[in-house]
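Colleague: File name final-v9.txt; file contents compact mmCIF, C-alpha atoms and all ligand atoms; full text below.
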# COMPACT_ATOMS: atom_id res chain seq x y z
CA MET A 1 28.48 -24.52 -117.15
CA SER A 2 27.33 -23.65 -113.67
CA ILE A 3 30.08 -22.72 -111.26
CA PHE A 4 29.55 -25.62 -108.81
CA SER A 5 28.63 -28.78 -110.72
CA TYR A 6 29.20 -32.52 -110.71
CA GLN A 7 31.72 -33.58 -113.32
CA ASN A 8 32.34 -37.33 -113.62
CA GLY A 9 30.42 -37.82 -110.40
CA VAL A 10 32.54 -35.40 -108.35
CA LEU A 11 31.48 -31.90 -107.27
CA HIS A 12 33.71 -29.24 -108.86
CA ALA A 13 34.21 -25.50 -108.47
CA GLU A 14 34.79 -24.25 -112.01
CA GLN A 15 37.24 -26.87 -113.34
CA VAL A 16 38.67 -27.93 -110.00
CA SER A 17 37.57 -31.04 -108.11
CA LEU A 18 36.48 -30.15 -104.60
CA ALA A 19 37.50 -33.65 -103.49
CA ALA A 20 41.04 -32.91 -104.68
CA LEU A 21 41.01 -29.60 -102.77
CA ALA A 22 39.84 -31.33 -99.57
CA GLU A 23 42.71 -33.81 -99.94
CA HIS A 24 45.28 -31.15 -100.74
CA TYR A 25 44.38 -28.48 -98.15
CA GLY A 26 42.52 -30.56 -95.56
CA THR A 27 39.16 -29.78 -94.00
CA PRO A 28 37.28 -27.77 -92.86
CA LEU A 29 37.88 -25.53 -95.84
CA TYR A 30 36.22 -22.58 -97.52
CA VAL A 31 36.43 -22.53 -101.32
CA TYR A 32 35.49 -19.51 -103.45
CA SER A 33 35.10 -19.14 -107.19
CA ARG A 34 36.62 -16.12 -108.89
CA ALA A 35 34.31 -16.49 -111.90
CA ALA A 36 31.23 -16.49 -109.68
CA LEU A 37 32.33 -13.36 -107.82
CA GLU A 38 32.93 -11.57 -111.11
CA GLN A 39 29.67 -12.76 -112.62
CA HIS A 40 27.63 -11.64 -109.62
CA PHE A 41 29.34 -8.25 -109.52
CA ARG A 42 28.85 -7.69 -113.23
CA ALA A 43 25.12 -8.42 -112.90
CA TYR A 44 24.96 -5.06 -111.10
CA THR A 45 27.25 -3.04 -113.36
CA ASP A 46 25.75 -4.46 -116.57
CA ALA A 47 22.26 -3.53 -115.41
CA LEU A 48 23.40 -0.04 -114.46
CA GLY A 49 25.09 0.45 -117.84
CA ASP A 50 25.84 4.11 -118.48
CA TRP A 51 23.67 5.35 -115.61
CA PRO A 52 26.02 7.13 -113.16
CA HIS A 53 26.70 4.57 -110.45
CA LEU A 54 29.01 3.05 -107.89
CA VAL A 55 28.65 -0.57 -106.80
CA CYS A 56 30.21 -0.78 -103.35
CA TYR A 57 30.64 -4.43 -102.34
CA ALA A 58 29.77 -4.82 -98.64
CA VAL A 59 33.08 -6.02 -97.23
CA LYS A 60 31.43 -7.59 -94.17
CA ALA A 61 29.98 -10.39 -96.31
CA ASN A 62 33.40 -11.83 -97.12
CA SER A 63 36.47 -9.76 -96.40
CA ASN A 64 39.28 -12.02 -97.56
CA ILE A 65 41.71 -9.71 -99.35
CA ALA A 66 41.81 -11.99 -102.40
CA VAL A 67 38.03 -11.66 -102.71
CA LEU A 68 38.30 -7.87 -102.36
CA ASN A 69 41.11 -7.81 -104.90
CA VAL A 70 39.13 -9.79 -107.49
CA LEU A 71 36.29 -7.26 -107.13
CA ALA A 72 38.63 -4.24 -107.10
CA ARG A 73 40.03 -5.45 -110.43
CA GLN A 74 36.45 -5.33 -111.74
CA GLY A 75 36.24 -1.68 -110.69
CA ALA A 76 34.23 -2.28 -107.53
CA GLY A 77 33.84 0.26 -104.79
CA PHE A 78 33.51 -0.94 -101.20
CA ASP A 79 31.12 -0.43 -98.30
CA ILE A 80 33.04 -0.61 -95.02
CA VAL A 81 31.99 -0.46 -91.38
CA SER A 82 35.31 -0.34 -89.52
CA LEU A 83 38.93 0.71 -89.67
CA GLY A 84 39.81 -2.95 -90.09
CA GLU A 85 37.68 -3.21 -93.21
CA LEU A 86 39.18 0.03 -94.53
CA GLU A 87 42.72 -1.33 -94.14
CA ARG A 88 41.72 -4.60 -95.83
CA VAL A 89 40.31 -2.73 -98.83
CA LEU A 90 43.49 -0.66 -99.14
CA ALA A 91 45.67 -3.78 -98.80
CA ALA A 92 43.60 -5.42 -101.55
CA GLY A 93 44.13 -2.52 -103.96
CA GLY A 94 40.69 -0.92 -103.57
CA GLU A 95 40.45 2.75 -104.45
CA PRO A 96 39.72 5.08 -101.51
CA HIS A 97 37.54 7.41 -103.57
CA LYS A 98 35.15 4.51 -104.21
CA ILE A 99 34.63 3.70 -100.51
CA VAL A 100 31.51 4.46 -98.52
CA PHE A 101 31.82 4.24 -94.75
CA SER A 102 28.70 2.90 -92.98
CA GLY A 103 28.06 1.84 -89.38
CA VAL A 104 26.47 3.24 -86.23
CA GLY A 105 29.59 3.42 -84.07
CA LYS A 106 32.38 5.11 -86.01
CA GLN A 107 35.18 6.26 -83.71
CA ALA A 108 37.14 9.49 -84.13
CA ALA A 109 40.34 7.63 -85.11
CA GLU A 110 38.42 5.67 -87.76
CA MET A 111 36.98 8.90 -89.16
CA ALA A 112 40.43 10.48 -89.20
CA ARG A 113 42.01 7.63 -91.15
CA ALA A 114 39.10 7.56 -93.60
CA LEU A 115 39.43 11.33 -94.15
CA ASP A 116 43.18 10.94 -94.58
CA VAL A 117 42.89 8.37 -97.34
CA GLY A 118 39.98 10.27 -98.90
CA VAL A 119 36.92 8.00 -98.81
CA TYR A 120 34.04 8.94 -101.09
CA CYS A 121 31.32 9.32 -98.48
CA PHE A 122 30.42 8.77 -94.83
CA ASN A 123 26.97 7.31 -94.29
CA VAL A 124 26.14 9.09 -91.05
CA GLU A 125 23.75 7.31 -88.72
CA SER A 126 23.05 9.85 -85.96
CA GLU A 127 23.17 13.51 -85.06
CA ALA A 128 25.91 12.85 -82.52
CA GLU A 129 28.03 11.20 -85.21
CA LEU A 130 27.47 14.19 -87.49
CA GLU A 131 28.85 16.53 -84.85
CA ARG A 132 31.84 14.31 -84.19
CA LEU A 133 32.63 13.97 -87.89
CA SER A 134 32.43 17.73 -88.34
CA SER A 135 34.90 18.36 -85.52
CA VAL A 136 37.33 15.61 -86.68
CA ALA A 137 37.25 17.04 -90.22
CA VAL A 138 37.83 20.60 -88.98
CA GLN A 139 40.74 19.48 -86.79
CA LEU A 140 42.39 17.78 -89.76
CA GLY A 141 41.60 20.61 -92.15
CA LYS A 142 39.62 18.21 -94.35
CA THR A 143 36.13 18.08 -95.79
CA ALA A 144 33.95 15.04 -95.16
CA HIS A 145 31.41 14.10 -97.83
CA ILE A 146 28.29 12.83 -96.15
CA SER A 147 24.94 11.25 -96.67
CA LEU A 148 22.52 10.54 -93.85
CA ARG A 149 21.41 6.98 -93.47
CA VAL A 150 17.70 7.38 -93.06
CA ASN A 151 15.39 4.83 -91.61
CA PRO A 152 12.33 4.73 -93.86
CA ASP A 153 10.29 2.48 -91.54
CA VAL A 154 9.73 -0.20 -94.16
CA ASP A 155 9.20 -3.85 -93.32
CA ALA A 156 11.80 -5.80 -95.26
CA GLN A 157 9.96 -9.04 -94.48
CA THR A 158 13.09 -10.92 -93.61
CA HIS A 159 14.54 -12.52 -90.49
CA PRO A 160 14.22 -10.06 -87.55
CA TYR A 161 17.98 -10.26 -86.85
CA ILE A 162 18.79 -8.97 -90.34
CA SER A 163 15.97 -6.47 -90.74
CA THR A 164 17.25 -2.94 -90.27
CA GLY A 165 14.77 -0.45 -91.72
CA LEU A 166 12.08 -0.42 -89.05
CA LYS A 167 11.62 2.36 -86.50
CA GLU A 168 12.54 -0.02 -83.68
CA ASN A 169 15.96 -0.85 -85.21
CA LYS A 170 19.14 0.88 -84.02
CA PHE A 171 20.13 1.91 -87.55
CA GLY A 172 19.83 5.26 -89.26
CA ILE A 173 17.92 8.46 -88.60
CA ASP A 174 14.14 8.52 -88.57
CA ILE A 175 13.17 9.73 -92.05
CA ASN A 176 10.68 12.16 -90.56
CA ASP A 177 13.48 13.79 -88.62
CA ALA A 178 15.88 13.83 -91.56
CA PRO A 179 15.04 17.32 -92.97
CA ARG A 180 16.02 18.89 -89.66
CA VAL A 181 19.24 16.85 -89.41
CA TYR A 182 20.16 17.70 -93.01
CA ALA A 183 19.69 21.40 -92.20
CA LYS A 184 22.02 20.91 -89.28
CA ALA A 185 24.56 19.11 -91.48
CA ALA A 186 24.44 22.02 -93.92
CA SER A 187 25.28 24.40 -91.09
CA LEU A 188 28.21 22.44 -89.65
CA PRO A 189 31.79 23.17 -90.78
CA GLY A 190 33.87 20.54 -92.53
CA LEU A 191 30.90 18.70 -94.07
CA VAL A 192 29.55 18.59 -97.62
CA ILE A 193 26.20 16.92 -98.27
CA LYS A 194 26.39 14.42 -101.12
CA GLY A 195 23.47 12.06 -100.83
CA VAL A 196 20.82 10.11 -99.02
CA ASP A 197 21.45 6.56 -97.86
CA CYS A 198 19.24 3.75 -96.66
CA HIS A 199 19.60 0.01 -96.09
CA ILE A 200 16.49 -1.80 -94.94
CA GLY A 201 17.70 -5.34 -94.35
CA SER A 202 19.28 -8.41 -95.85
CA GLN A 203 18.11 -11.46 -97.82
CA LEU A 204 15.14 -9.65 -99.34
CA THR A 205 13.51 -11.72 -102.04
CA GLU A 206 10.92 -9.18 -103.18
CA ILE A 207 11.56 -5.85 -104.90
CA ARG A 208 8.54 -4.23 -103.26
CA PRO A 209 10.14 -3.20 -99.93
CA PHE A 210 13.10 -1.65 -101.80
CA LEU A 211 10.69 0.41 -103.90
CA ASP A 212 8.69 1.44 -100.84
CA ALA A 213 11.91 2.70 -99.26
CA LEU A 214 12.91 4.45 -102.50
CA GLU A 215 9.53 6.19 -102.62
CA ARG A 216 10.10 7.66 -99.17
CA VAL A 217 13.68 8.60 -99.96
CA LEU A 218 12.58 10.45 -103.12
CA ALA A 219 9.94 12.34 -101.13
CA LEU A 220 12.69 13.33 -98.71
CA VAL A 221 14.91 14.49 -101.59
CA ASP A 222 12.09 16.78 -102.82
CA ASN A 223 11.61 18.08 -99.35
CA LEU A 224 15.34 18.83 -99.07
CA ALA A 225 15.36 20.57 -102.47
CA ALA A 226 12.63 22.87 -101.17
CA GLN A 227 14.96 23.62 -98.25
CA GLY A 228 17.73 24.50 -100.72
CA ILE A 229 19.69 21.27 -100.12
CA SER A 230 20.52 19.36 -103.28
CA ILE A 231 21.54 15.74 -103.48
CA GLU A 232 23.93 14.07 -105.94
CA HIS A 233 23.45 10.42 -105.12
CA LEU A 234 21.02 7.89 -103.73
CA ASP A 235 22.61 5.00 -101.85
CA LEU A 236 20.07 2.20 -101.63
CA GLY A 237 22.23 -0.10 -99.51
CA GLY A 238 22.51 -3.85 -100.01
CA GLY A 239 20.05 -6.55 -99.17
CA LEU A 240 19.18 -8.41 -102.34
CA GLY A 241 18.56 -12.04 -101.42
CA VAL A 242 19.97 -15.23 -102.90
CA GLN A 243 18.65 -18.71 -103.41
CA TYR A 244 19.58 -20.97 -100.51
CA ARG A 245 16.74 -23.44 -100.97
CA ASP A 246 13.57 -22.64 -102.90
CA GLU A 247 13.53 -18.86 -102.56
CA GLN A 248 13.05 -17.06 -105.85
CA PRO A 249 14.86 -13.77 -105.25
CA ALA A 250 14.60 -10.95 -107.76
CA SER A 251 17.68 -10.70 -109.96
CA ALA A 252 20.01 -7.71 -109.72
CA GLY A 253 18.92 -6.84 -113.27
CA ASP A 254 15.20 -6.75 -112.42
CA TYR A 255 15.83 -4.85 -109.21
CA ILE A 256 17.94 -2.20 -110.91
CA ALA A 257 15.54 -1.85 -113.82
CA ALA A 258 12.74 -1.17 -111.34
CA VAL A 259 14.85 1.41 -109.48
CA LYS A 260 15.83 3.17 -112.72
CA ALA A 261 12.21 3.24 -113.86
CA ARG A 262 11.13 4.85 -110.60
CA VAL A 263 13.94 7.41 -110.46
CA GLY A 264 13.14 8.32 -114.08
CA GLU A 265 14.43 11.57 -115.50
CA ARG A 266 16.42 12.56 -112.45
CA ARG A 267 19.70 10.78 -113.04
CA PHE A 268 20.94 10.74 -109.48
CA LYS A 269 24.10 8.70 -109.18
CA LEU A 270 22.96 5.34 -107.81
CA ILE A 271 25.01 3.54 -105.18
CA PHE A 272 24.40 -0.05 -104.14
CA GLU A 273 26.07 -1.97 -101.32
CA PRO A 274 25.54 -5.64 -102.19
CA GLY A 275 27.26 -8.27 -100.08
CA ARG A 276 25.38 -11.55 -100.02
CA SER A 277 24.21 -11.40 -103.64
CA ILE A 278 27.83 -11.25 -104.77
CA ALA A 279 29.54 -13.62 -102.34
CA ALA A 280 27.06 -16.20 -100.99
CA ASN A 281 26.76 -18.41 -104.05
CA ALA A 282 30.40 -17.90 -104.92
CA GLY A 283 31.56 -20.11 -102.04
CA VAL A 284 31.19 -23.48 -100.37
CA PHE A 285 32.33 -24.87 -97.06
CA LEU A 286 33.88 -28.35 -97.09
CA THR A 287 33.70 -30.58 -94.04
CA ARG A 288 34.60 -34.22 -93.46
CA VAL A 289 32.49 -36.86 -91.74
CA GLU A 290 34.37 -38.04 -88.65
CA TYR A 291 31.85 -40.46 -87.17
CA LEU A 292 28.39 -41.81 -87.82
CA LYS A 293 26.40 -42.17 -84.63
CA LEU A 294 23.18 -44.10 -85.14
CA ASN A 295 20.88 -43.69 -82.14
CA GLU A 296 17.45 -45.15 -81.73
CA HIS A 297 15.67 -41.88 -82.53
CA LYS A 298 18.19 -39.94 -84.50
CA ASN A 299 21.17 -40.43 -86.78
CA PHE A 300 24.04 -38.06 -86.37
CA ALA A 301 26.91 -37.45 -88.74
CA ILE A 302 29.62 -35.85 -86.64
CA ILE A 303 31.62 -33.61 -88.93
CA ASP A 304 34.85 -31.66 -88.51
CA GLY A 305 33.17 -28.31 -89.32
CA ALA A 306 31.16 -26.58 -86.63
CA MET A 307 29.20 -23.53 -85.56
CA ASN A 308 32.45 -21.70 -84.95
CA ASP A 309 33.19 -22.06 -88.69
CA LEU A 310 29.70 -21.34 -90.01
CA ILE A 311 27.25 -19.91 -87.52
CA ARG A 312 24.27 -19.11 -89.77
CA PRO A 313 22.36 -22.35 -89.04
CA ALA A 314 22.80 -21.94 -85.28
CA LEU A 315 22.19 -18.19 -85.18
CA TYR A 316 19.34 -17.70 -87.66
CA SER A 317 18.11 -21.27 -88.15
CA ALA A 318 19.38 -20.73 -91.68
CA TRP A 319 19.06 -23.62 -94.14
CA GLN A 320 21.95 -24.23 -96.51
CA ASP A 321 22.11 -27.13 -98.92
CA ILE A 322 24.55 -29.90 -98.03
CA ARG A 323 25.85 -32.12 -100.80
CA PRO A 324 28.26 -35.03 -100.86
CA LEU A 325 31.33 -34.43 -103.00
CA GLN A 326 30.98 -37.94 -104.38
CA GLN A 327 27.87 -40.06 -104.53
CA HIS A 328 28.19 -43.27 -102.51
CA SER A 329 26.26 -46.11 -103.97
CA ASP A 330 27.09 -48.64 -101.26
CA ALA A 331 26.25 -46.66 -98.08
CA PRO A 332 22.60 -46.70 -96.93
CA ARG A 333 20.62 -43.46 -97.28
CA ARG A 334 19.49 -42.16 -93.94
CA SER A 335 18.18 -38.95 -92.46
CA TYR A 336 21.06 -37.31 -90.60
CA ASP A 337 21.63 -34.32 -88.37
CA LEU A 338 25.03 -32.91 -89.30
CA VAL A 339 26.64 -31.80 -86.07
CA GLY A 340 30.07 -30.45 -85.20
CA PRO A 341 32.45 -31.16 -82.32
CA VAL A 342 31.60 -27.97 -80.38
CA CYS A 343 30.03 -28.47 -76.98
CA GLU A 344 26.69 -26.81 -77.70
CA THR A 345 23.40 -28.39 -78.66
CA GLY A 346 23.02 -25.60 -81.23
CA ASP A 347 26.15 -26.80 -83.01
CA PHE A 348 24.69 -28.10 -86.26
CA LEU A 349 25.06 -27.25 -89.92
CA GLY A 350 21.98 -29.11 -91.08
CA LYS A 351 19.17 -31.25 -89.72
CA ASN A 352 17.20 -34.15 -91.16
CA ARG A 353 19.22 -34.37 -94.36
CA GLU A 354 18.75 -37.47 -96.52
CA LEU A 355 22.27 -38.59 -97.31
CA ALA A 356 24.21 -41.80 -97.99
CA LEU A 357 27.26 -41.36 -95.81
CA ALA A 358 30.36 -43.20 -94.69
CA GLU A 359 33.13 -42.10 -92.36
CA GLY A 360 35.68 -39.99 -94.18
CA ASP A 361 33.25 -38.62 -96.78
CA VAL A 362 33.52 -34.92 -97.50
CA LEU A 363 30.41 -32.76 -97.73
CA ALA A 364 29.94 -29.33 -99.27
CA VAL A 365 27.77 -26.80 -97.47
CA MET A 366 26.56 -24.65 -100.35
CA SER A 367 25.99 -20.86 -100.49
CA ALA A 368 28.67 -20.35 -97.83
CA GLY A 369 30.63 -17.55 -99.50
CA ALA A 370 28.85 -14.77 -97.57
CA TYR A 371 28.65 -14.43 -93.78
CA GLY A 372 30.60 -17.68 -93.46
CA PHE A 373 34.28 -17.33 -92.65
CA VAL A 374 33.80 -13.69 -91.59
CA MET A 375 31.56 -14.77 -88.72
CA ALA A 376 33.86 -17.59 -87.62
CA SER A 377 35.26 -17.65 -84.09
CA ASN A 378 37.84 -19.59 -82.13
CA TYR A 379 35.30 -21.04 -79.70
CA ASN A 380 36.53 -24.30 -78.15
CA THR A 381 40.02 -23.16 -79.23
CA ARG A 382 39.39 -24.24 -82.76
CA GLY A 383 41.57 -22.61 -85.37
CA ARG A 384 39.69 -20.99 -88.21
CA ALA A 385 39.51 -22.85 -91.52
CA ALA A 386 41.74 -22.23 -94.52
CA GLU A 387 40.35 -20.38 -97.55
CA VAL A 388 41.04 -21.21 -101.18
CA MET A 389 40.14 -19.36 -104.38
CA VAL A 390 39.52 -21.31 -107.55
CA ASP A 391 40.21 -19.58 -110.84
CA GLY A 392 39.43 -21.75 -113.88
CA ALA A 393 41.61 -24.83 -113.50
CA GLN A 394 43.85 -23.16 -110.88
CA HIS A 395 43.51 -22.94 -107.14
CA HIS A 396 45.22 -20.62 -104.69
CA LEU A 397 45.45 -20.72 -100.91
CA VAL A 398 44.21 -17.26 -99.90
CA ARG A 399 44.26 -17.79 -96.14
CA GLU A 400 46.23 -20.35 -94.24
CA ARG A 401 44.55 -22.54 -91.67
CA GLU A 402 45.13 -21.03 -88.23
CA SER A 403 47.73 -22.90 -86.23
CA ILE A 404 46.99 -23.87 -82.65
CA ALA A 405 50.02 -21.95 -81.39
CA SER A 406 48.66 -18.76 -82.98
CA LEU A 407 45.42 -19.07 -81.03
CA PHE A 408 47.07 -18.19 -77.72
CA ALA A 409 50.16 -16.40 -78.98
CA ASN A 410 48.82 -13.04 -77.71
CA GLU A 411 48.13 -14.38 -74.21
CA THR A 412 50.50 -14.24 -71.24
CA LEU A 413 50.96 -16.06 -67.96
CA LEU A 414 51.03 -14.13 -64.71
CA PRO A 415 54.56 -13.42 -63.40
CA SER A 416 55.96 -16.35 -61.39
CA ASP A 417 55.56 -16.11 -57.59
N1 LIG B 501 25.02 -2.14 -96.28
C1 LIG B 501 24.80 -2.11 -94.95
C2 LIG B 501 24.76 -0.82 -94.27
C3 LIG B 501 24.61 -3.32 -94.25
O1 LIG B 501 24.36 -3.29 -92.94
C4 LIG B 501 24.66 -4.56 -94.93
C5 LIG B 501 24.49 -5.83 -94.23
C6 LIG B 501 24.93 -4.54 -96.31
C7 LIG B 501 25.09 -3.32 -96.95
C8 LIG B 501 25.03 -5.79 -97.12
O2 LIG B 501 23.82 -6.47 -97.15
P1 LIG B 501 23.63 -7.77 -98.07
O3 LIG B 501 23.67 -7.32 -99.51
O4 LIG B 501 24.73 -8.70 -97.77
O5 LIG B 501 22.31 -8.28 -97.68
N2 LIG B 501 24.98 -12.10 -90.99
C9 LIG B 501 23.68 -12.04 -91.61
C10 LIG B 501 23.56 -10.86 -92.53
C11 LIG B 501 23.84 -9.52 -91.87
C12 LIG B 501 23.74 -8.34 -92.80
C13 LIG B 501 24.24 -7.10 -92.15
N3 LIG B 501 24.25 -5.93 -92.98
C14 LIG B 501 23.42 -13.36 -92.33
O6 LIG B 501 24.29 -14.24 -92.31
O7 LIG B 501 22.34 -13.58 -92.86
Write out the structure in this file as structure tokens.
Ligand code: LLP
Modeller:
Amino acid sequence: MSIFSYQNGVLHAEQVSLAALAEHYGTPLYVYSRAALEQHFRAYTDALGDWPHLVCYAVKANSNIAVLNVLARQGAGFDIVSLGELERVLAAGGEPHKIVFSGVGKQAAEMARALDVGVYCFNVESEAELERLSSVAVQLGKTAHISLRVNPDVDAQTHPYISTGLKENKFGIDINDAPRVYAKAASLPGLVIKGVDCHIGSQLTEIRPFLDALERVLALVDNLAAQGISIEHLDLGGGLGVQYRDEQPASAGDYIAAVKARVGERRFKLIFEPGRSIAANAGVFLTRVEYLKLNEHKNFAIIDGAMNDLIRPALYSAWQDIRPLQQHSDAPRRSYDLVGPVCETGDFLGKNRELALAEGDVLAVMSAGAYGFVMASNYNTRGRAAEVMVDGAQHHLVRERESIASLFANETLLPSD
């Protein structure tokens, strides 16, 4: 049975009716499936088999601690980009020695905490960061394991906002400059070189760009070996795409088989940092139709979910499927723009969708488990949605809906005159 399916005419997550969840918890609401998270994670580990590996789920994709905990119980490592993400992973029971720390702007205090808890590796993104990490490690009397995130100048052929492996992007160290920076790393105190890291972008549907990047990384590894620098692991980042509409992304199995075939005899430990391919199709966003507004040129369904809840359509013109929880036979089918209550023209979750709608209907925005809630804001003083995890026939509230009072609880008035 697929994870999200119609059963007796009602859309379910596993064995739980989404209509019942909308009633019980209210809308807007994020709903995740434990089984889907586990299945998507295991696609990586099954394909890696006994090859030395670490699958570090990219926390940024969905950082709810229940999600992290489900993956930690599967043995996942984690890819983090901030102190906040580090603390979430620890709170969720993630193991520090399976954490890789990415990101271009790591601060000294973040490095110190990561060294204290003993993360597996820092993915260093600049020479300046290398120097700072060395001095923080020396001050603490610790050793930092590092890899350099190299920028292989490969076109990931994805949306420009989520493409990261081109020379013009802010990420990583130019691969042509990497031998020199590795030599520097080898000379700095407090650092031990562990690997090479790259991440070229997100929502890649083809394997080709990954293999192009791998080719360049392997050439670098040979070059380093000639310099007397040996590497234990290759971190190939995240980026595998998912199906939102009619994309046909490579499967984790095919991708990993291709990587293994290319790496061949040299059994470097392989690290992956998948986010979207684990979380996106493990979640949906539920939103209720407040009003139907039928204008001469356009029909709008005004819904209670908005760009502050799910910004991907507004930010990247992303298309996500929108399905009714229950099919309405009596309402007329029309082409609707699904728009939220936020005061921005860009506030839409879908445009020109053929749907039979009535006020009060609940819709599911599919593939919303990654880069959904995590990118939510409080714009228009809207509290962020609640989050629920379904597990078989059970459901658990894993984040309460934000109360209005909490939205300005950290603000203060000026002293009275
Ligand atoms: N590793 C690094 C260093 C990353 O920057 C990212 C994502 C990942 C791993 C995980 O990539 P994934 O497997 O999820 O593609 N908000 C955008 C996506 C931004 C991705 C940022 N980096 C979206 O909603 O499409």
Colleague: For ligand LIG 501 (chain B), list the contacting residues at 6 Å or closer, counting only C-alpha atoms and all ligand atoms, as a PyMOL selection string.
Modeller: chain A and resi 58+61+102+162+199+202-203+237-240+273-277+312+371
Colleague: Can I get the selected residues back with C-alpha atoms, as an mmCIF file, in the coordinates of the input?
Modeller:
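The result, written out as out-v7.cif:
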data_model
loop_
_atom_site.group_PDB
_atom_site.id
_atom_site.type_symbol
_atom_site.label_atom_id
_atom_site.label_comp_id
_atom_site.auth_asym_id
_atom_site.auth_seq_id
_atom_site.Cartn_x
_atom_site.Cartn_y
_atom_site.Cartn_z
ATOM 1 C CA ALA A 58 29.770 -4.820 -98.640
ATOM 2 C CA ALA A 61 29.980 -10.390 -96.310
ATOM 3 C CA SER A 102 28.700 2.900 -92.980
ATOM 4 C CA ILE A 162 18.790 -8.970 -90.340
ATOM 5 C CA HIS A 199 19.600 0.010 -96.090
ATOM 6 C CA SER A 202 19.280 -8.410 -95.850
ATOM 7 C CA GLN A 203 18.110 -11.460 -97.820
ATOM 8 C CA GLY A 237 22.230 -0.100 -99.510
ATOM 9 C CA GLY A 238 22.510 -3.850 -100.010
ATOM 10 C CA GLY A 239 20.050 -6.550 -99.170
ATOM 11 C CA LEU A 240 19.180 -8.410 -102.340
ATOM 12 C CA GLU A 273 26.070 -1.970 -101.320
ATOM 13 C CA PRO A 274 25.540 -5.640 -102.190
ATOM 14 C CA GLY A 275 27.260 -8.270 -100.080
ATOM 15 C CA ARG A 276 25.380 -11.550 -100.020
ATOM 16 C CA SER A 277 24.210 -11.400 -103.640
ATOM 17 C CA ARG A 312 24.270 -19.110 -89.770
ATOM 18 C CA TYR A 371 28.650 -14.430 -93.780
#
Colleague: Counting all atoms listed in the file, which of A:Ser33, A:Thr205, A:Ser135, A:Gln394 gets nearest to Ala368 (chain A)?
Modeller: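 The shortest atom-to-atom distance to Ala368 (chain A) comes from A:Ser33.
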Colleague: From the set A:Ile303, A:Gly283, A:Leu349, A:Gly264, which residue has the shortest atom-to-atom contact distance to Trp51 (chain A), counting only C-alpha atoms?
Modeller: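 Ranked by minimum distance to Trp51 (chain A), first place goes to A:Gly264.
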Colleague: Rank nothing, just name the residue among A:Tyr182, A:Gly383, A:Lys351, A:Ser17 nearest to Asn299 (chain A), using all atoms listed in the file.
Modeller: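 Closest to Asn299 (chain A), using all atoms listed in the file: A:Lys351.
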Colleague: Here is a test: counting only C-alpha atoms, which residue of A:Arg353, A:Arg399, A:Lys170, A:Lys184 is nearest to Ala301 (chain A)?
Modeller: A:Arg353
Colleague: As an exercise, work out the distance from CA of Asp174 (chain A) to CA of Asn123 (chain A) in Å and give it to one decimal place.
Modeller: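 Separating CA of Asp174 (chain A) from CA of Asn123 (chain A) is a distance of 14.1 Å.
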